[in-house]
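Just final.pdb here, PDB, C-alpha atoms:
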```pdb
ATOM      1  CA  MET A   1      66.966 119.632 103.447
ATOM      2  CA  SER A   2      69.322 116.958 104.795
ATOM      3  CA  PHE A   3      68.764 114.018 107.072
ATOM      4  CA  HIS A   4      71.193 112.049 109.220
ATOM      5  CA  LEU A   5      70.824 108.447 110.307
ATOM      6  CA  ALA A   6      72.475 107.260 113.496
ATOM      7  CA  ALA A   7      74.576 104.118 113.426
ATOM      8  CA  VAL A   8      72.383 101.088 113.815
ATOM      9  CA  SER A   9      72.602  97.339 113.932
ATOM     10  CA  PRO A  10      72.362  95.530 110.601
ATOM     11  CA  ALA A  11      68.877  95.493 109.143
ATOM     12  CA  PRO A  12      67.325  92.363 107.706
ATOM     13  CA  SER A  13      67.707  91.680 104.019
ATOM     14  CA  VAL A  14      64.354  92.163 102.309
ATOM     15  CA  SER A  15      63.491  91.423  98.694
ATOM     16  CA  PHE A  16      60.316  92.137  96.804
ATOM     17  CA  ALA A  17      59.119  92.777  93.278
ATOM     18  CA  ARG A  18      56.151  94.563  91.703
ATOM     19  CA  GLY A  19      53.240  92.145  91.497
ATOM     20  CA  ASP A  20      54.644  89.902  94.218
ATOM     21  CA  TYR A  21      52.719  90.526  97.391
ATOM     22  CA  ARG A  22      55.107  88.697  99.695
ATOM     23  CA  VAL A  23      58.084  90.070 101.535
ATOM     24  CA  ASP A  24      60.902  87.554 101.733
ATOM     25  CA  ARG A  25      62.689  88.292 104.973
ATOM     26  CA  CYS A  26      66.045  86.547 104.730
ATOM     27  CA  ALA A  27      67.094  87.257 108.285
ATOM     28  CA  SER A  28      65.085  87.520 111.474
ATOM     29  CA  LEU A  29      64.606  90.932 113.049
ATOM     30  CA  ALA A  30      67.031  91.455 115.879
ATOM     31  CA  HIS A  31      64.360  91.543 118.556
ATOM     32  CA  SER A  32      61.755  89.187 117.061
ATOM     33  CA  ARG A  33      60.269  86.563 119.313
ATOM     34  CA  THR A  34      58.014  83.579 118.797
ATOM     35  CA  HIS A  35      55.020  84.590 116.680
ATOM     36  CA  ARG A  36      51.758  84.831 118.548
ATOM     37  CA  PRO A  37      48.841  83.643 116.355
ATOM     38  CA  VAL A  38      46.225  86.198 115.482
ATOM     39  CA  GLY A  39      42.707  85.912 116.875
ATOM     40  CA  THR A  40      40.167  83.640 115.282
ATOM     41  CA  GLN A  41      37.355  84.896 113.108
ATOM     42  CA  THR A  42      34.848  83.973 115.806
ATOM     43  CA  ARG A  43      36.668  86.167 118.282
ATOM     44  CA  SER A  44      36.802  88.988 115.738
ATOM     45  CA  ALA A  45      33.084  88.823 115.103
ATOM     46  CA  ARG A  46      32.388  88.912 118.834
ATOM     47  CA  LEU A  47      34.487  92.031 119.282
ATOM     48  CA  ALA A  48      33.056  93.632 116.159
ATOM     49  CA  ARG A  49      29.507  93.542 117.518
ATOM     50  CA  GLY A  50      30.411  96.243 120.017
ATOM     51  CA  SER A  51      30.532  99.941 119.299
ATOM     52  CA  VAL A  52      33.411 102.397 119.622
ATOM     53  CA  ARG A  53      33.211 103.729 123.125
ATOM     54  CA  GLY A  54      34.882 105.211 126.151
ATOM     55  CA  THR A  55      37.662 107.632 126.938
ATOM     56  CA  VAL A  56      40.664 105.930 128.456
ATOM     57  CA  ARG A  57      44.330 106.827 128.433
ATOM     58  CA  ASN A  58      46.890 104.188 127.528
ATOM     59  CA  PRO A  59      48.526 102.203 130.361
ATOM     60  CA  THR A  60      51.871 103.257 131.761
ATOM     61  CA  ASN A  61      55.279 102.491 130.236
ATOM     62  CA  MET A  62      54.686 104.987 127.447
ATOM     63  CA  SER A  63      58.363 105.931 127.490
ATOM     64  CA  LEU A  64      59.272 102.329 126.609
ATOM     65  CA  GLY A  65      56.824 102.343 123.732
ATOM     66  CA  LYS A  66      58.170 105.605 122.401
ATOM     67  CA  LEU A  67      61.755 104.376 122.650
ATOM     68  CA  GLN A  68      61.022 101.146 120.823
ATOM     69  CA  GLN A  69      59.070 102.937 118.103
ATOM     70  CA  ASN A  70      61.893 105.399 117.468
ATOM     71  CA  PHE A  71      63.865 102.917 115.390
ATOM     72  CA  ASN A  72      62.587 100.410 112.863
ATOM     73  CA  SER A  73      65.426  98.457 111.259
ATOM     74  CA  ALA A  74      63.174  96.728 108.722
ATOM     75  CA  GLY A  75      61.682 100.106 107.863
ATOM     76  CA  VAL A  76      65.126 101.575 107.156
ATOM     77  CA  SER A  77      66.074  98.605 104.969
ATOM     78  CA  ILE A  78      62.876  98.690 102.935
ATOM     79  CA  PHE A  79      63.021 102.486 102.663
ATOM     80  CA  LEU A  80      66.473 102.257 101.077
ATOM     81  CA  GLN A  81      65.212  99.692  98.573
ATOM     82  CA  THR A  82      62.131 101.848  97.922
ATOM     83  CA  TYR A  83      64.263 104.947  97.407
ATOM     84  CA  TRP A  84      66.585 103.261  94.923
ATOM     85  CA  GLY A  85      63.984 101.875  92.562
ATOM     86  CA  ARG A  86      60.557 101.048  93.954
ATOM     87  CA  ARG A  87      59.297 104.458  94.984
ATOM     88  CA  TYR A  88      55.769 103.665  93.855
ATOM     89  CA  GLN A  89      55.469 101.333  96.871
ATOM     90  CA  ALA A  90      55.390 104.383  99.176
ATOM     91  CA  LEU A  91      52.555 106.111  97.295
ATOM     92  CA  PRO A  92      49.002 105.490  98.576
ATOM     93  CA  HIS A  93      46.097 104.807  96.280
ATOM     94  CA  LEU A  94      44.137 107.437  98.183
ATOM     95  CA  ASP A  95      45.545 110.402 100.119
ATOM     96  CA  VAL A  96      42.910 112.088 102.339
ATOM     97  CA  LYS A  97      42.571 114.616 105.141
ATOM     98  CA  ASP A  98      41.210 111.941 107.507
ATOM     99  CA  ILE A  99      38.981 108.869 107.363
ATOM    100  CA  ARG A 100      35.847 111.043 107.126
ATOM    101  CA  SER A 101      36.861 111.699 103.515
ATOM    102  CA  VAL A 102      36.654 107.995 102.610
ATOM    103  CA  ASP A 103      33.553 106.580 100.904
ATOM    104  CA  TRP A 104      33.394 103.181 102.617
ATOM    105  CA  LYS A 105      30.300 102.091 100.697
ATOM    106  CA  ALA A 106      32.020 102.675  97.348
ATOM    107  CA  LEU A 107      34.991 100.578  98.477
ATOM    108  CA  ARG A 108      32.713  97.771  99.601
ATOM    109  CA  ALA A 109      30.892  97.883  96.265
ATOM    110  CA  ALA A 110      34.265  97.585  94.484
ATOM    111  CA  GLY A 111      34.832  94.201  96.102
ATOM    112  CA  PHE A 112      36.853  94.946  99.239
ATOM    113  CA  GLU A 113      35.955  92.810 102.247
ATOM    114  CA  GLY A 114      37.754  94.269 105.261
ATOM    115  CA  CYS A 115      39.840  97.129 106.666
ATOM    116  CA  VAL A 116      43.105  97.138 108.593
ATOM    117  CA  PHE A 117      43.876 100.307 110.544
ATOM    118  CA  ASP A 118      46.999 101.729 112.070
ATOM    119  CA  LYS A 119      46.258 103.253 115.473
ATOM    120  CA  ASP A 120      48.200 106.439 116.281
ATOM    121  CA  ASN A 121      47.190 109.487 114.233
ATOM    122  CA  THR A 122      44.832 107.308 112.214
ATOM    123  CA  LEU A 123      42.126 106.477 114.750
ATOM    124  CA  THR A 124      43.514 107.902 117.994
ATOM    125  CA  ALA A 125      46.001 110.503 119.165
ATOM    126  CA  PRO A 126      49.478 109.036 119.827
ATOM    127  CA  TYR A 127      49.611 106.763 122.899
ATOM    128  CA  VAL A 128      45.908 107.323 123.663
ATOM    129  CA  LEU A 129      43.231 104.621 123.703
ATOM    130  CA  GLU A 130      40.220 106.739 122.854
ATOM    131  CA  VAL A 131      39.041 107.313 119.296
ATOM    132  CA  HIS A 132      39.626 110.854 118.084
ATOM    133  CA  GLU A 133      36.105 112.196 118.552
ATOM    134  CA  PRO A 134      35.618 113.757 115.074
ATOM    135  CA  LEU A 135      36.395 110.342 113.520
ATOM    136  CA  ARG A 136      33.963 108.303 115.599
ATOM    137  CA  GLN A 137      31.027 108.440 113.186
ATOM    138  CA  SER A 138      33.128 107.487 110.156
ATOM    139  CA  LEU A 139      34.648 104.548 112.034
ATOM    140  CA  GLU A 140      31.180 103.320 112.989
ATOM    141  CA  GLU A 141      30.075 103.636 109.365
ATOM    142  CA  CYS A 142      33.088 101.592 108.255
ATOM    143  CA  ARG A 143      32.278  98.953 110.853
ATOM    144  CA  SER A 144      28.713  98.720 109.585
ATOM    145  CA  VAL A 145      29.600  98.673 105.877
ATOM    146  CA  PHE A 146      32.143  95.865 106.318
ATOM    147  CA  ASP A 147      30.003  93.905 108.806
ATOM    148  CA  GLY A 148      32.546  94.390 111.581
ATOM    149  CA  ARG A 149      35.456  93.003 109.559
ATOM    150  CA  LEU A 150      38.013  95.470 110.918
ATOM    151  CA  ALA A 151      41.377  95.012 112.632
ATOM    152  CA  ILE A 152      44.172  97.138 114.058
ATOM    153  CA  LEU A 153      47.800  96.474 113.126
ATOM    154  CA  SER A 154      50.065  98.628 115.263
ATOM    155  CA  ASN A 155      53.819  98.908 115.719
ATOM    156  CA  SER A 156      53.176  99.019 119.457
ATOM    157  CA  ALA A 157      50.106  97.192 120.813
ATOM    158  CA  GLY A 158      50.176  93.581 119.647
ATOM    159  CA  LEU A 159      53.838  93.676 118.586
ATOM    160  CA  THR A 160      55.714  90.978 120.506
ATOM    161  CA  GLN A 161      58.805  93.180 120.921
ATOM    162  CA  TYR A 162      56.800  95.844 122.752
ATOM    163  CA  ASP A 163      53.752  93.914 123.986
ATOM    164  CA  PRO A 164      54.944  90.312 124.534
ATOM    165  CA  ASP A 165      52.024  89.307 126.749
ATOM    166  CA  GLY A 166      49.399  91.045 124.609
ATOM    167  CA  GLU A 167      48.280  93.146 127.582
ATOM    168  CA  LYS A 168      48.239  96.416 125.677
ATOM    169  CA  ALA A 169      46.524  94.819 122.700
ATOM    170  CA  ALA A 170      43.821  93.430 124.982
ATOM    171  CA  ALA A 171      43.295  96.840 126.599
ATOM    172  CA  LEU A 172      42.941  98.455 123.185
ATOM    173  CA  GLU A 173      40.481  95.766 122.074
ATOM    174  CA  ARG A 174      38.326  96.350 125.149
ATOM    175  CA  GLN A 175      38.271 100.063 124.511
ATOM    176  CA  LEU A 176      37.672 100.139 120.735
ATOM    177  CA  ASN A 177      35.956  96.767 120.267
ATOM    178  CA  ILE A 178      38.217  96.098 117.273
ATOM    179  CA  PRO A 179      40.564  93.077 117.140
ATOM    180  CA  VAL A 180      44.242  93.962 117.510
ATOM    181  CA  LEU A 181      46.462  91.614 115.506
ATOM    182  CA  ARG A 182      49.352  89.997 117.366
ATOM    183  CA  HIS A 183      52.461  90.011 115.195
ATOM    184  CA  ALA A 184      56.234  89.594 115.418
ATOM    185  CA  SER A 185      57.484  92.069 112.785
ATOM    186  CA  LYS A 186      57.218  95.838 112.605
ATOM    187  CA  LYS A 187      55.566  97.300 109.547
ATOM    188  CA  PRO A 188      56.544  97.493 106.734
ATOM    189  CA  ALA A 189      57.944  93.976 107.242
ATOM    190  CA  GLY A 190      55.393  91.187 107.312
ATOM    191  CA  THR A 191      53.673  88.582 105.180
ATOM    192  CA  PRO A 192      50.082  88.278 103.926
ATOM    193  CA  GLU A 193      49.465  85.019 105.797
ATOM    194  CA  GLU A 194      48.708  86.810 109.086
ATOM    195  CA  LEU A 195      46.019  88.970 107.515
ATOM    196  CA  GLU A 196      44.587  86.236 105.316
ATOM    197  CA  ALA A 197      44.248  83.880 108.286
ATOM    198  CA  HIS A 198      42.441  86.562 110.275
ATOM    199  CA  PHE A 199      40.036  87.759 107.567
ATOM    200  CA  ASN A 200      39.856  84.521 105.567
ATOM    201  CA  VAL A 201      40.219  86.449 102.289
ATOM    202  CA  PRO A 202      43.202  87.216 100.002
ATOM    203  CA  ALA A 203      45.213  90.283 101.033
ATOM    204  CA  HIS A 204      44.318  92.168  97.831
ATOM    205  CA  LYS A 205      40.692  92.290  99.024
ATOM    206  CA  LEU A 206      41.718  94.228 102.142
ATOM    207  CA  ILE A 207      42.272  97.942 102.733
ATOM    208  CA  MET A 208      45.239  99.305 104.703
ATOM    209  CA  VAL A 209      44.636 102.674 106.383
ATOM    210  CA  GLY A 210      47.531 104.472 108.072
ATOM    211  CA  ASP A 211      49.243 107.854 108.319
ATOM    212  CA  ARG A 212      52.848 106.746 107.726
ATOM    213  CA  TYR A 213      54.013 106.458 104.127
ATOM    214  CA  LEU A 214      57.095 104.339 104.792
ATOM    215  CA  THR A 215      55.480 101.904 107.229
ATOM    216  CA  ASP A 216      51.701 101.630 106.726
ATOM    217  CA  ILE A 217      51.572 102.432 103.011
ATOM    218  CA  VAL A 218      54.666 100.484 101.976
ATOM    219  CA  TYR A 219      53.427  97.521 104.025
ATOM    220  CA  GLY A 220      50.002  97.601 102.382
ATOM    221  CA  ASN A 221      51.345  97.998  98.856
ATOM    222  CA  LEU A 222      53.876  95.198  99.287
ATOM    223  CA  LEU A 223      51.049  92.863 100.270
ATOM    224  CA  GLY A 224      48.817  93.989  97.402
ATOM    225  CA  MET A 225      46.270  95.821  99.544
ATOM    226  CA  PHE A 226      44.410  99.013  98.645
ATOM    227  CA  THR A 227      46.172 101.756 100.614
ATOM    228  CA  ILE A 228      44.682 104.897 102.149
ATOM    229  CA  ARG A 229      46.795 107.525 103.854
ATOM    230  CA  PRO A 230      44.940 109.937 106.171
ATOM    231  CA  ALA A 231      46.994 112.949 107.226
ATOM    232  CA  PRO A 232      48.034 113.002 110.906
ATOM    233  CA  PHE A 233      45.716 115.188 112.974
ATOM    234  CA  THR A 234      48.050 116.021 115.864
ATOM    235  CA  SER A 235      51.745 116.080 116.719
ATOM    236  CA  GLU A 236      51.031 116.085 120.454
ATOM    237  CA  GLY A 237      52.721 113.141 122.137
ATOM    238  CA  GLU A 238      55.041 112.351 119.226
ATOM    239  CA  THR A 239      58.771 112.143 119.880
ATOM    240  CA  THR A 240      61.307 114.352 118.141
ATOM    241  CA  VAL A 241      62.530 111.332 116.174
ATOM    242  CA  VAL A 242      59.033 110.517 114.898
ATOM    243  CA  LYS A 243      58.483 114.146 113.888
ATOM    244  CA  SER A 244      61.805 114.191 112.029
ATOM    245  CA  VAL A 245      61.067 110.950 110.203
ATOM    246  CA  ARG A 246      57.619 112.223 109.269
ATOM    247  CA  ALA A 247      59.166 115.392 107.837
ATOM    248  CA  ALA A 248      61.561 113.248 105.784
ATOM    249  CA  GLU A 249      58.656 111.152 104.507
ATOM    250  CA  ASP A 250      56.699 114.246 103.480
ATOM    251  CA  PHE A 251      59.740 115.638 101.669
ATOM    252  CA  PHE A 252      60.398 112.499  99.622
ATOM    253  CA  ILE A 253      56.740 111.789  98.870
ATOM    254  CA  ALA A 254      56.161 115.328  97.595
ATOM    255  CA  ARG A 255      59.269 115.029  95.436
ATOM    256  CA  TRP A 256      58.218 111.655  93.997
ATOM    257  CA  LYS A 257      54.670 112.830  93.323
ATOM    258  CA  GLY A 258      56.134 115.821  91.512
ATOM    259  CA  LYS A 259      57.947 113.397  89.203
ATOM    260  CA  GLY A 260      54.685 111.660  88.332
ATOM    261  CA  ILE A 261      55.236 108.536  90.403
ATOM    262  CA  ARG A 262      51.956 106.922  91.419
ATOM    263  CA  ALA A 263      50.727 104.012  93.515
ATOM    264  CA  PRO A 264      50.981 100.497  92.083
ATOM    265  CA  ASP A 265      47.995  99.261  90.092
ATOM    266  CA  HIS A 266      45.344  97.372  92.024
ATOM    267  CA  PRO A 267      43.373  94.464  90.504
ATOM    268  CA  LEU A 268      39.986  95.468  91.967
ATOM    269  CA  VAL A 269      39.857  99.106  90.892
ATOM    270  CA  PRO A 270      40.524 101.240  87.795
ATOM    271  CA  SER A 271      43.517 103.520  87.458
ATOM    272  CA  THR A 272      41.692 106.460  89.044
ATOM    273  CA  TYR A 273      40.659 106.320  92.692
ATOM    274  CA  GLU A 274      38.834 109.630  93.155
ATOM    275  CA  GLY A 275      35.506 107.791  93.239
ATOM    276  CA  PHE A 276      36.380 106.469  96.704
ATOM    277  CA  GLN A 277      36.807 109.945  98.152
ATOM    278  CA  ARG A 278      33.881 111.926  99.485
ATOM    279  CA  LYS A 279      33.353 115.418  98.178
ATOM    280  CA  PRO A 280      33.828 118.188 100.789
TER
END
```

Take the structure from the file and write it as C-alpha cells.
Amino acid sequence: MSFHLAAVSPAPSVSFARGDYRVDRCASLAHSRTHRPVGTQTRSARLARGSVRGTVRNPTNMSLGKLQQNFNSAGVSIFLQTYWGRRYQALPHLDVKDIRSVDWKALRAAGFEGCVFDKDNTLTAPYVLEVHEPLRQSLEECRSVFDGRLAILSNSAGLTQYDPDGEKAAALERQLNIPVLRHASKKPAGTPEELEAHFNVPAHKLIMVGDRYLTDIVYGNLLGMFTIRPAPFTSEGETTVVKSVRAAEDFFIARWKGKGIRAPDHPLVPSTYEGFQRKP
C-alpha cells in the first residue's frame, strides 16, 4: 500500500518528549487567529444539566467545513515525528467498537474527573448535530457518572479557522447540551492549559475519546490524558481525502501493534486497561 501527499505549505515545528505533556509549537499555524477563551465552569455546569436531545442537521456551509478539514498541517508534522520515533503516541489506551463498550464507572473509580469527546464518528455522524441513536444511553450514563463534566473538542465547531464567531459551536451546544471548547489549533496541536482551565483539573485526570488515531489519540497522549478510540460507525458524509487518511491510519496502527508497540503509560492506571471495557 502506498500513500501520496500533495504539496503543502510549511507545517509548524513541533517538539515533544515522552512524559512531557506539553506541545511546544515554535511557529503559529498558518491560519490561526486570536484565541477565543473557553467557557467558564459555571457555563459548563449549566449546559451539563440538560439531556442529550433532538434531531437537527448541521447548518449550511458544509462544503467549507469539509474543505478545511481535508488538510491539517500540524497533523502532518506531528505524524512525521510520530512515525520516526514516537509511534506509541498514536496508540490508544483503549480501543473499542463504540462508546457503549466503555465502563464509565470504572474510569471514574480510577480517579478520572472528566471526558473530552471528538464529535464526528464518535458521538454523531459526520456533519450532523444529532447523537447517533445507539450511543445515546451510553452518553447519558457518562454524563451522570462524571456529574456533567463533559466537553467536545472538534476540528470544526469551535475552531477559530472554521468557526470564527462560534456560531456552529453554539448550535452544537444547544443540541447536545455539552460545552464545545473554542480553540485556535487543530488537533493534535494544542496545550493542556485550555482543558485545565475548563475542567479545573490536571490534564492527566481527563479522558480523550475520538475515532482518529493521528489527531484525537495523539493529541490526548501528548497531553497525558487517558485515550479511548471508538471505531467509526459510518463513512457516509466523509470526503475521499478523509477516507484515504483513515485507511492510512489503520494501516500504520495495525503494523505498529503487530510490532508490540503500545500506548504510553498512564499515572492513574495499571499497565492493563481491559478492566475499563465492558464485556459483550

Selected residue of minimal separation from Leu159 (chain A) among A:Arg86, A:Lys187, A:Arg143, A:Arg229, counting all atoms listed in the file: A:Lys187

Mind pulling up the distance from CA of Pro267 (chain A) to CA of Lys105 (chain A)? 18.2 Å

Who sits within 9 Å of Val116 (chain A), only C-alpha atoms, same chain under 4 positions skipped, as a PDB file with C-alpha atoms, in the frame of the given file:
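What ended up in out21.pdb:
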```pdb
ATOM      1  CA  ARG A 149      35.456  93.003 109.559  1.00  0.00           C
ATOM      2  CA  LEU A 150      38.013  95.470 110.918  1.00  0.00           C
ATOM      3  CA  ALA A 151      41.377  95.012 112.632  1.00  0.00           C
ATOM      4  CA  ILE A 152      44.172  97.138 114.058  1.00  0.00           C
ATOM      5  CA  LEU A 153      47.800  96.474 113.126  1.00  0.00           C
ATOM      6  CA  LEU A 195      46.019  88.970 107.515  1.00  0.00           C
ATOM      7  CA  LEU A 206      41.718  94.228 102.142  1.00  0.00           C
ATOM      8  CA  ILE A 207      42.272  97.942 102.733  1.00  0.00           C
ATOM      9  CA  MET A 208      45.239  99.305 104.703  1.00  0.00           C
ATOM     10  CA  VAL A 209      44.636 102.674 106.383  1.00  0.00           C
ATOM     11  CA  GLY A 210      47.531 104.472 108.072  1.00  0.00           C
TER      12      GLY A 210
END
```

Please provide as a list in words all residues within 12 Å of Glu196 (chain A), with the sequence filter that same-chain residues fewer than 3 positions apart are discarded (counting all atoms listed in the file).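 Non-adjacent residues within range: Val38, Gly39, Thr40, Gln41, Glu113, Gly114, Cys115, Val116, Ala151, Leu181, Thr191, Pro192, Glu193, Phe199, Asn200, Val201, Pro202, Ala203, His204, Lys205, Leu206, Leu223, Gly224 and Met225 of chain A.
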
Taking 4 positions as the minimum chain separation for residues in the same chain, which residues sit within 12 Å of Glu274 (chain A) when counting all atoms listed in the file? Answer as a ChimeraX atom specification. /A:93-96,101-103,106-107,228,269-270,278-279

Ranking A:Ser185, A:Gln89, A:Thr82, A:Asn155 by minimum distance to Phe226 (chain A) and counting all atoms listed in the file, which one comes first?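 Residue with the minimum atom-to-atom distance to Phe226 (chain A): A:Gln89.
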
For CA of Lys243 (chain A) and CA of Gly220 (chain A), quote the distance in Å rounded to one decimal.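 Taking CA of Lys243 (chain A) as the start and CA of Gly220 (chain A) as the end point, the length is 21.9 Å.
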
For region 128-138 of chain A, supply all heavy atoms and format the output as a tab-separated table (two decimals), in the coordinates of the input.
```tsv
chain	number	residue	atom	x	y	z
A	128	VAL	N	47.21	107.13	123.02
A	128	VAL	CA	45.91	107.32	123.66
A	128	VAL	C	44.99	106.21	123.18
A	128	VAL	O	45.06	105.78	122.04
A	128	VAL	CB	45.32	108.71	123.30
A	128	VAL	CG1	43.90	108.86	123.80
A	128	VAL	CG2	46.20	109.82	123.87
A	129	LEU	N	44.12	105.72	124.06
A	129	LEU	CA	43.23	104.62	123.70
A	129	LEU	C	41.90	105.07	123.13
A	129	LEU	O	41.21	104.28	122.49
A	129	LEU	CB	42.96	103.73	124.94
A	129	LEU	CG	44.14	102.91	125.45
A	129	LEU	CD1	43.70	102.06	126.63
A	129	LEU	CD2	44.70	102.02	124.36
A	130	GLU	N	41.52	106.29	123.33
A	130	GLU	CA	40.22	106.74	122.85
A	130	GLU	C	40.25	107.14	121.38
A	130	GLU	O	41.25	107.65	120.88
A	130	GLU	CB	39.73	107.94	123.69
A	130	GLU	CG	40.64	109.13	123.59
A	130	GLU	CD	40.17	110.29	124.46
A	130	GLU	OE1	39.03	110.23	124.93
A	130	GLU	OE2	40.97	111.23	124.66
A	131	VAL	N	39.16	106.88	120.69
A	131	VAL	CA	39.04	107.31	119.30
A	131	VAL	C	39.00	108.83	119.26
A	131	VAL	O	38.35	109.48	120.08
A	131	VAL	CB	37.76	106.74	118.66
A	131	VAL	CG1	37.56	107.29	117.25
A	131	VAL	CG2	37.80	105.23	118.63
A	132	HIS	N	39.70	109.41	118.30
A	132	HIS	CA	39.63	110.85	118.08
A	132	HIS	C	38.17	111.20	117.77
A	132	HIS	O	37.61	110.70	116.78
A	132	HIS	CB	40.55	111.24	116.94
A	132	HIS	CG	40.69	112.69	116.70
A	132	HIS	ND1	41.03	113.59	117.68
A	132	HIS	CD2	40.53	113.43	115.55
A	132	HIS	CE1	41.09	114.82	117.18
A	132	HIS	NE2	40.78	114.73	115.89
A	133	GLU	N	37.55	112.01	118.59
A	133	GLU	CA	36.10	112.20	118.55
A	133	GLU	C	35.55	112.54	117.17
A	133	GLU	O	34.51	111.98	116.75
A	133	GLU	CB	35.67	113.26	119.57
A	133	GLU	CG	34.18	113.42	119.71
A	133	GLU	CD	33.49	112.12	120.15
A	133	GLU	OE1	34.08	111.36	120.93
A	133	GLU	OE2	32.36	111.87	119.66
A	134	PRO	N	36.17	113.44	116.40
A	134	PRO	CA	35.62	113.76	115.07
A	134	PRO	C	35.57	112.56	114.12
A	134	PRO	O	34.84	112.60	113.12
A	134	PRO	CB	36.56	114.84	114.55
A	134	PRO	CG	37.14	115.47	115.77
A	134	PRO	CD	37.30	114.33	116.73
A	135	LEU	N	36.33	111.50	114.41
A	135	LEU	CA	36.40	110.34	113.52
A	135	LEU	C	35.42	109.23	113.92
A	135	LEU	O	35.26	108.26	113.18
A	135	LEU	CB	37.82	109.77	113.50
A	135	LEU	CG	38.95	110.75	113.21
A	135	LEU	CD1	40.28	110.01	113.22
A	135	LEU	CD2	38.74	111.47	111.90
A	136	ARG	N	34.78	109.38	115.04
A	136	ARG	CA	33.96	108.30	115.60
A	136	ARG	C	32.86	107.85	114.65
A	136	ARG	O	32.64	106.66	114.42
A	136	ARG	CB	33.37	108.74	116.94
A	136	ARG	CG	32.74	107.62	117.73
A	136	ARG	CD	32.17	108.15	119.04
A	136	ARG	NE	33.22	108.67	119.90
A	136	ARG	CZ	33.94	107.92	120.74
A	136	ARG	NH1	33.71	106.62	120.82
A	136	ARG	NH2	34.87	108.46	121.49
A	137	GLN	N	32.15	108.79	114.06
A	137	GLN	CA	31.03	108.44	113.19
A	137	GLN	C	31.50	107.70	111.94
A	137	GLN	O	30.87	106.72	111.50
A	137	GLN	CB	30.25	109.70	112.79
A	137	GLN	CG	29.03	109.41	111.94
A	137	GLN	CD	28.22	110.67	111.64
A	137	GLN	OE1	28.41	111.72	112.24
A	137	GLN	NE2	27.29	110.57	110.69
A	138	SER	N	32.60	108.16	111.35
A	138	SER	CA	33.13	107.49	110.16
A	138	SER	C	33.59	106.07	110.48
A	138	SER	O	33.38	105.14	109.69
A	138	SER	CB	34.28	108.29	109.56
A	138	SER	OG	34.82	107.65	108.42
```
